[in-house]
>>> print(open('run-v8.tsv').read())   # TSV, C-alpha atoms
chain	number	residue	atom	x	y	z
A	1	MET	CA	145.38	-85.59	-20.27
A	2	GLU	CA	146.37	-88.26	-22.78
A	3	MET	CA	143.78	-86.92	-25.22
A	4	GLU	CA	145.02	-83.35	-24.78
A	5	ARG	CA	148.58	-84.45	-25.37
A	6	ARG	CA	148.04	-86.57	-28.47
A	7	PHE	CA	144.64	-86.33	-30.12
A	8	LYS	CA	144.49	-84.84	-33.63
A	9	VAL	CA	141.47	-84.34	-35.85
A	10	TYR	CA	141.52	-83.75	-39.58
A	11	VAL	CA	138.57	-81.78	-40.99
A	12	TYR	CA	137.77	-82.61	-44.59
A	13	GLU	CA	137.80	-79.56	-46.85
A	14	GLU	CA	135.50	-81.13	-49.45
A	15	GLY	CA	131.98	-79.76	-49.79
A	16	ASP	CA	130.47	-76.33	-50.25
A	17	LEU	CA	128.59	-73.86	-48.10
A	18	PRO	CA	125.98	-73.75	-46.75
A	19	ILE	CA	125.48	-77.50	-46.16
A	20	VAL	CA	129.14	-78.23	-45.41
A	21	HIS	CA	131.47	-76.20	-43.15
A	22	ASP	CA	128.51	-74.43	-41.52
A	23	GLY	CA	125.57	-75.15	-39.24
A	24	PRO	CA	123.00	-73.53	-36.93
A	25	CYS	CA	124.52	-71.64	-34.01
A	26	LYS	CA	121.31	-70.76	-32.17
A	27	ASP	CA	117.92	-72.29	-31.36
A	28	ILE	CA	117.41	-75.99	-30.72
A	29	TYR	CA	120.21	-77.32	-32.95
A	30	THR	CA	122.87	-75.01	-31.51
A	31	THR	CA	125.30	-77.81	-30.66
A	32	GLU	CA	125.59	-78.87	-34.30
A	33	GLY	CA	126.68	-75.53	-35.72
A	34	ARG	CA	128.81	-74.49	-32.76
A	35	PHE	CA	130.89	-77.68	-32.93
A	36	ILE	CA	131.43	-77.29	-36.68
A	37	HIS	CA	132.41	-73.63	-36.25
A	38	GLU	CA	134.74	-74.33	-33.33
A	39	MET	CA	136.39	-77.18	-35.22
A	40	GLU	CA	136.85	-75.11	-38.39
A	41	HIS	CA	137.43	-71.58	-37.09
A	42	GLY	CA	138.14	-71.80	-33.36
A	43	GLY	CA	141.87	-72.38	-33.58
A	44	SER	CA	141.50	-75.72	-31.80
A	45	ARG	CA	144.78	-77.34	-30.87
A	46	PHE	CA	143.16	-80.66	-31.70
A	47	ARG	CA	142.88	-79.85	-35.40
A	48	THR	CA	145.66	-80.87	-37.74
A	49	ARG	CA	146.04	-79.77	-41.35
A	50	ASP	CA	148.15	-82.87	-42.05
A	51	ALA	CA	145.71	-85.71	-42.62
A	52	HIS	CA	148.48	-88.28	-42.15
A	53	LYS	CA	148.92	-87.17	-38.53
A	54	ALA	CA	145.22	-87.43	-37.66
A	55	HIS	CA	143.65	-90.00	-35.38
A	56	VAL	CA	140.13	-89.25	-36.62
A	57	TYR	CA	138.57	-87.53	-39.62
A	58	PHE	CA	135.59	-85.18	-39.32
A	59	MET	CA	132.94	-84.93	-42.04
A	60	PRO	CA	131.70	-81.35	-41.41
A	61	PHE	CA	128.27	-81.47	-43.03
A	62	SER	CA	125.13	-80.19	-41.30
A	63	VAL	CA	122.02	-82.37	-41.40
A	64	THR	CA	120.00	-79.38	-40.20
A	65	TRP	CA	121.06	-77.39	-43.26
A	66	MET	CA	120.37	-80.45	-45.45
A	67	VAL	CA	116.80	-80.37	-44.17
A	68	LYS	CA	116.61	-76.62	-44.82
A	69	TYR	CA	118.01	-76.68	-48.35
A	70	LEU	CA	117.36	-80.18	-49.71
A	71	TYR	CA	114.19	-81.44	-48.05
A	72	LYS	CA	110.79	-80.72	-49.59
A	73	PRO	CA	108.47	-79.69	-46.73
A	74	LEU	CA	105.75	-82.21	-45.82
A	75	SER	CA	107.08	-84.74	-48.33
A	76	TYR	CA	108.55	-86.99	-45.59
A	77	ASN	CA	111.02	-88.06	-48.24
A	78	LEU	CA	114.48	-88.21	-46.68
A	79	THR	CA	116.17	-89.60	-49.79
A	80	PRO	CA	117.91	-86.26	-50.64
A	81	LEU	CA	119.56	-86.28	-47.19
A	82	LYS	CA	120.67	-89.88	-47.53
A	83	ASN	CA	122.00	-89.25	-51.03
A	84	PHE	CA	124.03	-86.29	-49.80
A	85	VAL	CA	125.73	-88.42	-47.13
A	86	LEU	CA	126.34	-91.21	-49.66
A	87	ASP	CA	127.88	-88.76	-52.14
A	88	TYR	CA	130.05	-87.14	-49.48
A	89	ALA	CA	131.43	-90.50	-48.35
A	90	ARG	CA	132.06	-91.44	-51.97
A	91	VAL	CA	133.99	-88.21	-52.64
A	92	ILE	CA	136.29	-88.46	-49.63
A	93	SER	CA	136.88	-92.19	-50.14
A	94	THR	CA	137.82	-91.54	-53.77
A	95	LYS	CA	140.09	-88.54	-53.14
A	96	HIS	CA	141.79	-89.74	-49.94
A	97	PRO	CA	143.17	-93.08	-48.71
A	98	PHE	CA	141.98	-92.77	-45.10
A	99	TRP	CA	138.37	-93.91	-45.41
A	100	ASN	CA	139.17	-97.13	-47.25
A	101	ARG	CA	141.72	-98.43	-44.76
A	102	THR	CA	139.08	-98.70	-42.00
A	103	GLN	CA	135.79	-98.49	-43.97
A	104	GLY	CA	135.26	-95.20	-42.14
A	105	ALA	CA	135.67	-96.50	-38.58
A	106	ASP	CA	137.99	-93.61	-37.67
A	107	HIS	CA	135.66	-91.02	-39.26
A	108	PHE	CA	132.87	-89.15	-37.52
A	109	MET	CA	129.83	-87.06	-38.31
A	110	LEU	CA	127.85	-84.87	-35.91
A	111	SER	CA	124.17	-83.99	-35.97
A	112	CYS	CA	121.67	-82.63	-33.49
A	113	HIS	CA	118.73	-82.84	-35.89
A	114	ASP	CA	116.16	-85.57	-35.22
A	115	TRP	CA	116.82	-86.89	-38.72
A	116	GLY	CA	120.59	-87.24	-38.23
A	117	PRO	CA	120.36	-91.03	-37.82
A	118	HIS	CA	118.18	-91.30	-40.94
A	119	ALA	CA	120.58	-89.22	-43.02
A	120	SER	CA	123.45	-91.49	-41.96
A	121	GLU	CA	121.58	-94.47	-43.43
A	122	GLY	CA	122.57	-93.13	-46.87
A	123	ASP	CA	125.93	-94.86	-46.63
A	124	PRO	CA	126.07	-98.27	-44.90
A	125	PHE	CA	129.57	-97.63	-43.58
A	126	VAL	CA	128.63	-94.23	-42.12
A	127	TYR	CA	125.67	-95.91	-40.41
A	128	ASN	CA	127.30	-99.16	-39.27
A	129	THR	CA	131.00	-98.35	-38.94
A	130	SER	CA	131.68	-94.62	-38.51
A	131	ILE	CA	131.35	-92.77	-35.23
A	132	ARG	CA	128.02	-90.93	-35.29
A	133	VAL	CA	127.72	-88.08	-32.78
A	134	LEU	CA	123.95	-87.67	-32.39
A	135	CYS	CA	121.43	-85.90	-30.20
A	136	ASN	CA	118.86	-88.52	-31.21
A	137	ALA	CA	120.66	-91.30	-29.33
A	138	ASN	CA	117.96	-93.97	-29.36
A	139	SER	CA	119.35	-97.46	-28.73
A	140	SER	CA	116.17	-99.03	-30.15
A	141	GLU	CA	116.72	-97.26	-33.49
A	142	GLY	CA	120.28	-98.26	-34.32
A	143	PHE	CA	122.28	-96.02	-31.97
A	144	ASN	CA	125.24	-98.12	-30.83
A	145	PRO	CA	126.87	-96.72	-27.66
A	146	GLN	CA	130.02	-98.77	-28.31
A	147	LYS	CA	130.80	-96.72	-31.43
A	148	ASP	CA	128.36	-93.78	-31.43
A	149	VAL	CA	128.37	-90.70	-29.18
A	150	SER	CA	125.32	-89.16	-27.49
A	151	LEU	CA	125.27	-85.39	-27.96
A	152	PRO	CA	123.42	-83.09	-25.53
A	153	GLU	CA	120.62	-81.03	-27.03
A	154	ILE	CA	121.18	-77.41	-26.02
A	155	HIS	CA	118.52	-74.85	-26.91
A	156	LEU	CA	120.08	-71.39	-26.99
A	157	TYR	CA	117.32	-69.14	-28.31
A	158	ASP	CA	119.62	-66.33	-29.46
A	159	GLY	CA	122.89	-68.27	-29.31
A	160	ASN	CA	123.46	-67.50	-25.61
A	161	ILE	CA	122.37	-68.96	-22.31
A	162	SER	CA	119.37	-67.07	-20.92
A	163	PRO	CA	120.54	-64.36	-18.47
A	164	LYS	CA	118.35	-66.00	-15.83
A	165	LEU	CA	120.37	-69.22	-16.11
A	166	ARG	CA	123.79	-67.73	-16.81
A	167	SER	CA	124.94	-67.88	-13.20
A	168	PRO	CA	123.99	-70.70	-10.83
A	169	PRO	CA	121.22	-69.64	-8.43
A	170	PRO	CA	122.04	-69.08	-4.74
A	171	ALA	CA	122.11	-72.33	-2.78
A	172	ASN	CA	119.43	-71.08	-0.41
A	173	SER	CA	117.06	-69.85	-3.14
A	174	SER	CA	113.43	-70.81	-2.58
A	175	ARG	CA	112.08	-73.75	-4.58
A	176	PRO	CA	108.40	-73.94	-3.66
A	177	PHE	CA	107.46	-76.43	-6.39
A	178	LEU	CA	108.27	-80.13	-6.22
A	179	ALA	CA	108.45	-80.65	-10.01
A	180	PHE	CA	107.72	-78.74	-13.22
A	181	PHE	CA	107.06	-79.40	-16.90
A	182	ALA	CA	105.79	-77.33	-19.81
A	183	GLY	CA	105.86	-78.47	-23.41
A	184	GLY	CA	104.05	-79.85	-26.43
A	185	VAL	CA	102.14	-83.10	-26.22
A	186	HIS	CA	103.86	-85.35	-28.73
A	187	GLY	CA	105.47	-88.75	-28.61
A	188	PRO	CA	104.26	-91.63	-26.42
A	189	ILE	CA	105.33	-90.36	-22.97
A	190	ARG	CA	104.14	-86.77	-22.63
A	191	PRO	CA	100.41	-87.59	-23.08
A	192	ILE	CA	100.68	-89.97	-20.10
A	193	LEU	CA	102.35	-87.27	-18.00
A	194	LEU	CA	99.74	-84.62	-18.83
A	195	GLN	CA	96.85	-87.04	-18.46
A	196	HIS	CA	97.82	-87.76	-14.86
A	197	TRP	CA	99.20	-84.42	-13.70
A	198	LYS	CA	98.14	-81.45	-15.83
A	199	GLY	CA	96.35	-79.03	-13.49
A	200	ARG	CA	96.00	-81.71	-10.80
A	201	ASP	CA	98.39	-80.61	-8.06
A	202	ALA	CA	99.70	-77.21	-6.99
A	203	ASP	CA	103.04	-78.79	-6.00
A	204	LEU	CA	103.52	-80.06	-9.55
A	205	PRO	CA	102.85	-77.27	-12.09
A	206	ILE	CA	102.44	-79.31	-15.29
A	207	TYR	CA	101.50	-77.38	-18.42
A	208	GLU	CA	101.05	-78.15	-22.09
A	209	TYR	CA	102.12	-74.63	-23.02
A	210	LEU	CA	102.75	-71.71	-20.69
A	211	SER	CA	100.59	-68.63	-21.07
A	212	LYS	CA	102.44	-65.43	-21.95
A	213	ASP	CA	102.18	-64.09	-18.39
A	214	LEU	CA	104.18	-67.05	-17.02
A	215	ASP	CA	107.96	-67.39	-17.35
A	216	TYR	CA	109.50	-70.77	-18.19
A	217	PHE	CA	112.92	-70.10	-16.67
A	218	THR	CA	111.40	-68.77	-13.43
A	219	PHE	CA	109.59	-72.09	-13.01
A	220	LEU	CA	112.88	-73.96	-13.54
A	221	LEU	CA	114.54	-71.89	-10.83
A	222	GLN	CA	111.61	-72.36	-8.43
A	223	SER	CA	111.36	-76.16	-8.79
A	224	LYS	CA	113.31	-78.89	-7.02
A	225	TYR	CA	112.91	-81.31	-9.92
A	226	CYS	CA	112.50	-80.65	-13.64
A	227	LEU	CA	110.67	-83.31	-15.63
A	228	CYS	CA	112.40	-84.25	-18.89
A	229	PRO	CA	110.09	-86.53	-20.89
A	230	SER	CA	111.04	-87.57	-24.40
A	231	GLY	CA	108.88	-86.22	-27.22
A	232	HIS	CA	108.86	-87.55	-30.77
A	233	GLU	CA	112.54	-88.39	-30.24
A	234	VAL	CA	114.43	-89.36	-27.10
A	235	ALA	CA	116.57	-86.23	-26.55
A	236	SER	CA	115.24	-83.12	-24.82
A	237	PRO	CA	116.83	-79.69	-24.30
A	238	ARG	CA	115.10	-79.64	-20.90
A	239	ILE	CA	117.89	-81.76	-19.45
A	240	VAL	CA	120.57	-79.12	-20.06
A	241	GLU	CA	118.19	-76.30	-19.05
A	242	ALA	CA	117.61	-78.16	-15.78
A	243	VAL	CA	121.36	-78.50	-15.26
A	244	TYR	CA	121.81	-74.75	-15.77
A	245	ALA	CA	118.99	-74.01	-13.29
A	246	GLU	CA	120.32	-76.60	-10.79
A	247	CYS	CA	116.90	-78.20	-10.93
A	248	VAL	CA	117.40	-81.97	-10.63
A	249	PRO	CA	116.50	-83.54	-14.02
A	250	VAL	CA	113.96	-86.35	-13.90
A	251	ILE	CA	114.57	-88.50	-16.98
A	252	LEU	CA	111.35	-89.95	-18.40
A	253	SER	CA	112.48	-91.88	-21.45
A	254	ASP	CA	112.88	-95.32	-22.95
A	255	HIS	CA	116.04	-96.30	-24.84
A	256	TYR	CA	117.80	-92.93	-24.41
A	257	VAL	CA	121.58	-93.20	-24.11
A	258	LEU	CA	122.44	-90.20	-21.95
A	259	PRO	CA	125.21	-87.81	-23.11
A	260	PHE	CA	128.79	-88.41	-21.96
A	261	SER	CA	127.72	-91.43	-19.89
A	262	ASP	CA	131.18	-92.95	-20.46
A	263	VAL	CA	132.53	-90.57	-17.83
A	264	LEU	CA	129.55	-88.89	-16.13
A	265	ARG	CA	127.61	-90.76	-13.46
A	266	TRP	CA	124.10	-89.53	-14.21
A	267	GLU	CA	122.78	-91.04	-11.00
A	268	ALA	CA	124.90	-88.46	-9.15
A	269	PHE	CA	122.91	-85.50	-10.51
A	270	SER	CA	119.64	-86.80	-11.96
A	271	ILE	CA	116.83	-89.27	-11.34
A	272	GLN	CA	115.42	-91.76	-13.79
A	273	VAL	CA	111.76	-92.69	-13.34
A	274	GLU	CA	110.10	-95.55	-15.19
A	275	ILE	CA	107.21	-94.57	-17.45
A	276	SER	CA	104.97	-96.96	-15.50
A	277	GLU	CA	105.67	-94.89	-12.37
A	278	ILE	CA	104.31	-91.61	-13.81
A	279	PRO	CA	100.96	-92.02	-11.97
A	280	ARG	CA	102.97	-92.16	-8.70
A	281	LEU	CA	105.32	-89.31	-9.64
A	282	LYS	CA	104.61	-87.12	-6.62
A	283	GLU	CA	105.00	-90.07	-4.28
A	284	VAL	CA	108.28	-91.12	-5.92
A	285	LEU	CA	109.83	-87.64	-5.79
A	286	SER	CA	108.53	-86.84	-2.29
A	287	ALA	CA	110.19	-90.03	-1.04
A	288	VAL	CA	113.68	-88.85	-2.05
A	289	PRO	CA	115.52	-88.10	1.24
A	290	GLU	CA	116.69	-84.51	1.72
A	291	GLU	CA	120.32	-85.63	1.98
A	292	THR	CA	119.98	-87.38	-1.39
A	293	TYR	CA	118.44	-84.27	-2.93
A	294	ALA	CA	121.30	-82.16	-1.52
A	295	ARG	CA	123.82	-84.58	-3.03
A	296	LEU	CA	122.10	-84.38	-6.42
A	297	LYS	CA	122.16	-80.56	-6.27
A	298	LYS	CA	125.88	-80.70	-5.47
A	299	GLY	CA	126.35	-83.02	-8.45
A	300	LEU	CA	124.63	-80.51	-10.73
A	301	LYS	CA	127.11	-77.83	-9.71
A	302	ALA	CA	129.98	-80.16	-10.53
A	303	VAL	CA	128.76	-81.14	-14.02
A	304	ARG	CA	127.47	-77.78	-15.24
A	305	LYS	CA	130.75	-76.92	-16.99
A	306	HIS	CA	130.45	-80.04	-19.15
A	307	PHE	CA	127.20	-78.77	-20.70
A	308	VAL	CA	128.30	-75.20	-21.50
A	309	LEU	CA	129.23	-74.00	-24.99
A	310	ASN	CA	132.09	-71.52	-24.76
A	311	GLN	CA	133.51	-69.33	-27.51
A	312	PRO	CA	136.37	-70.02	-27.69
A	313	ALA	CA	136.11	-73.50	-26.23
A	314	LYS	CA	137.42	-74.16	-22.73
A	315	ARG	CA	138.78	-77.25	-21.05
A	316	PHE	CA	136.04	-79.71	-19.96
A	317	ASP	CA	133.22	-77.84	-21.78
A	318	VAL	CA	130.83	-79.41	-24.33
A	319	PHE	CA	133.33	-79.16	-27.18
A	320	HIS	CA	136.01	-80.99	-25.20
A	321	MET	CA	133.52	-83.57	-23.88
A	322	ILE	CA	132.46	-84.37	-27.46
A	323	LEU	CA	136.06	-84.80	-28.57
A	324	HIS	CA	136.85	-86.92	-25.51
A	325	SER	CA	133.91	-89.20	-26.34
A	326	VAL	CA	135.19	-89.54	-29.92
A	327	TRP	CA	138.71	-90.15	-28.61
A	328	LEU	CA	137.50	-93.03	-26.40
A	329	ARG	CA	135.87	-94.69	-29.40
A	330	ARG	CA	138.89	-94.08	-31.61
A	331	ILE	CA	141.03	-95.99	-29.09
A	332	ASN	CA	138.94	-99.06	-29.87
A	333	VAL	CA	139.39	-98.81	-33.63
A	334	ARG	CA	141.86	-101.36	-34.97
A	335	LEU	CA	143.48	-99.81	-37.99
A	336	ALA	CA	144.79	-101.89	-40.82
A	337	LEU	CA	147.95	-99.80	-40.80
A	338	ASN	CA	150.54	-100.65	-38.19
A	339	GLY	CA	151.67	-98.12	-35.63
A	340	THR	CA	148.66	-95.75	-35.70
>>> encode(input="run-v8.tsv", output="structure tokens")
Amino acid sequence: MEMERRFKVYVYEEGDLPIVHDGPCKDIYTTEGRFIHEMEHGGSRFRTRDAHKAHVYFMPFSVTWMVKYLYKPLSYNLTPLKNFVLDYARVISTKHPFWNRTQGADHFMLSCHDWGPHASEGDPFVYNTSIRVLCNANSSEGFNPQKDVSLPEIHLYDGNISPKLRSPPPANSSRPFLAFFAGGVHGPIRPILLQHWKGRDADLPIYEYLSKDLDYFTFLLQSKYCLCPSGHEVASPRIVEAVYAECVPVILSDHYVLPFSDVLRWEAFSIQVEISEIPRLKEVLSAVPEETYARLKKGLKAVRKHFVLNQPAKRFDVFHMILHSVWLRRINVRLALNGT
């Protein structure tokens, strides 16, 4: 309520399309573009055109579009991305007084691309001081939960939630499978999962990739637990897909700072399993009491609204949760100017 009453965000106008003021609004980086578009075009009451009245300042560049337009495929050279961030910070710090008074501590960027953290390395103040809203929220790779915000990865194939997941399934719907996973074998965790469980147990349908005659969302809706192992990076869109399907997410990850964990109690709607416990996965999940499972399902119903992208944005949805997370970190910023 305090945030809704007071919080104001200034969006920098510097920068040109397509890399600034735009972003992807469908597929795996949906969150990045939808936030930028809502902030710039959604008529948000949180936006102010008067920079002197702002509590935070948004740098509306898209790392995903940097990769598309600046990165040379297969070069693995991220210098163009880093240089873009460095140049952007230099421009706004030269043209406006706001950056210099806090070294960017009341500024934020947002990226759902895996390389968002690497791009932010271009400017030491963006990396070390600014609020970075990132899907790739890996605490072992510089993500600092005291100042940075973990962003949920939401994969909307055509920009919309799949019709099969649009409405919560009936409470009494059949869930014949104990746990389900299908996905590429990359990163350190998924090979362990597939080594122990791929094709081993009818109660745990574990696939590398689903054949065309099998439907991914049907499996989500027919499973009690949905396995969410990290891949190359810590974040996975499977977590939000599981929330939509009311399939209890099983987090299999090291060093992942879960989204909105300032205010959401993840233990109320998900389970975290240590990587070392993967060989005992069926035993671990089968041992969860039915009353605990029912409580977790109830928790999923309660948190679903926090992981939905609405257009226009609605109270308590992803857009508002992101801003609330930024607001909490802005409260901790000590400005050099008195009275702000």
>>> closest_residue(input="run-v8.tsv", among="A:Asp215, A:Glu141, A:Glu283, A:Glu267", to="Val234 of chain A", atoms="all atoms listed in the file")
A:Glu141
>>> closest_residue(input="run-v8.tsv", among="A:Gln222, A:Asn138, A:Ser62, A:Thr129", to="Pro169 of chain A", atoms="all atoms listed in the file")
A:Gln222
>>> closest_residue(input="run-v8.tsv", among="A:Val91, A:Leu134, A:Leu221, A:Val149", to="Pro176 of chain A", atoms="only C-alpha atoms")
A:Leu221
>>> residues_around(input="run-v8.tsv", residues="Cys112 of chain A", least_positions_apart="3", cutoff="6 Å", atoms="all atoms listed in the file", output="mmCIF file with C-alpha atoms, in the frame of the given file")
data_model
loop_
_atom_site.group_PDB
_atom_site.id
_atom_site.type_symbol
_atom_site.label_atom_id
_atom_site.label_comp_id
_atom_site.auth_asym_id
_atom_site.auth_seq_id
_atom_site.Cartn_x
_atom_site.Cartn_y
_atom_site.Cartn_z
ATOM 1 C CA TYR A 29 120.210 -77.320 -32.950
ATOM 2 C CA GLU A 32 125.590 -78.870 -34.300
ATOM 3 C CA LEU A 134 123.950 -87.670 -32.390
ATOM 4 C CA CYS A 135 121.430 -85.900 -30.200
#
>>> residues_around(input="run-v8.tsv", residues="segment 250-264 of chain A", least_positions_apart="3", cutoff="7 Å", atoms="all atoms listed in the file", output="MDAnalysis selection string")
chainID A and resid 137:140 150:152 225:230 234 270:275 325
>>> closest_residue(input="run-v8.tsv", among="A:His155, A:Pro279, A:Tyr71, A:Ala294", to="Phe307 of chain A", atoms="all atoms listed in the file")
A:His155
>>> closest_atom_pairs(input="run-v8.tsv", of="segment 195-264 of chain A", to="segment 113-121 of chain A", cutoff="12 Å", atoms="only C-alpha atoms", output="tab-separated table")
residue	atom	partner	partner_atom	distance
A:Gly231	CA	A:Asp114	CA	10.8
A:His232	CA	A:Asp114	CA	8.8
A:Glu233	CA	A:Asp114	CA	6.8
A:Val234	CA	A:Asp114	CA	9.1
A:Ala235	CA	A:Asp114	CA	8.7
A:Ser236	CA	A:Asp114	CA	10.7
>>> residues_around(input="run-v8.tsv", residues="Gly122 of chain A", least_positions_apart="3", cutoff="12 Å", atoms="all atoms listed in the file", output="list in words")
Leu78, Thr79, Pro80, Leu81, Lys82, Asn83, Phe84, Val85, Leu86, Asp87, Tyr88, Ala89, Arg90, Trp115, Gly116, Pro117, His118, Ala119, Phe125, Val126, Tyr127 and Asn128 of chain A
>>> write_last_selection(input="run-v8.tsv", atoms="C-alpha atoms", output="short mmCIF file (atom, residue, chain, number, x, y, z; two decimals), keeping the file's coordinate frame")
data_model
loop_
_atom_site.label_atom_id
_atom_site.label_comp_id
_atom_site.auth_asym_id
_atom_site.auth_seq_id
_atom_site.Cartn_x
_atom_site.Cartn_y
_atom_site.Cartn_z
CA LEU A 78 114.48 -88.21 -46.68
CA THR A 79 116.17 -89.60 -49.79
CA PRO A 80 117.91 -86.26 -50.64
CA LEU A 81 119.56 -86.28 -47.19
CA LYS A 82 120.67 -89.88 -47.53
CA ASN A 83 122.00 -89.25 -51.03
CA PHE A 84 124.03 -86.29 -49.80
CA VAL A 85 125.73 -88.42 -47.13
CA LEU A 86 126.34 -91.21 -49.66
CA ASP A 87 127.88 -88.76 -52.14
CA TYR A 88 130.05 -87.14 -49.48
CA ALA A 89 131.43 -90.50 -48.35
CA ARG A 90 132.06 -91.44 -51.97
CA TRP A 115 116.82 -86.89 -38.72
CA GLY A 116 120.59 -87.24 -38.23
CA PRO A 117 120.36 -91.03 -37.82
CA HIS A 118 118.18 -91.30 -40.94
CA ALA A 119 120.58 -89.22 -43.02
CA PHE A 125 129.57 -97.63 -43.58
CA VAL A 126 128.63 -94.23 -42.12
CA TYR A 127 125.67 -95.91 -40.41
CA ASN A 128 127.30 -99.16 -39.27
#
>>> closest_residue(input="run-v8.tsv", among="A:Phe46, A:Phe58, A:Phe7, A:Tyr293", to="Val248 of chain A", atoms="all atoms listed in the file")
A:Tyr293
>>> residues_around(input="run-v8.tsv", residues="segment 310-314 of chain A", least_positions_apart="4", cutoff="10 Å", atoms="all atoms listed in the file", output="ChimeraX atom specification")
/A:34-35,37-39,41-44,160,305-306,318-320
>>> residues_around(input="run-v8.tsv", residues="Asn100 of chain A", least_positions_apart="3", cutoff="12 Å", atoms="all atoms listed in the file", output="number ranges by chain")
A: 89-97, 103-107, 125, 129-130, 335-337
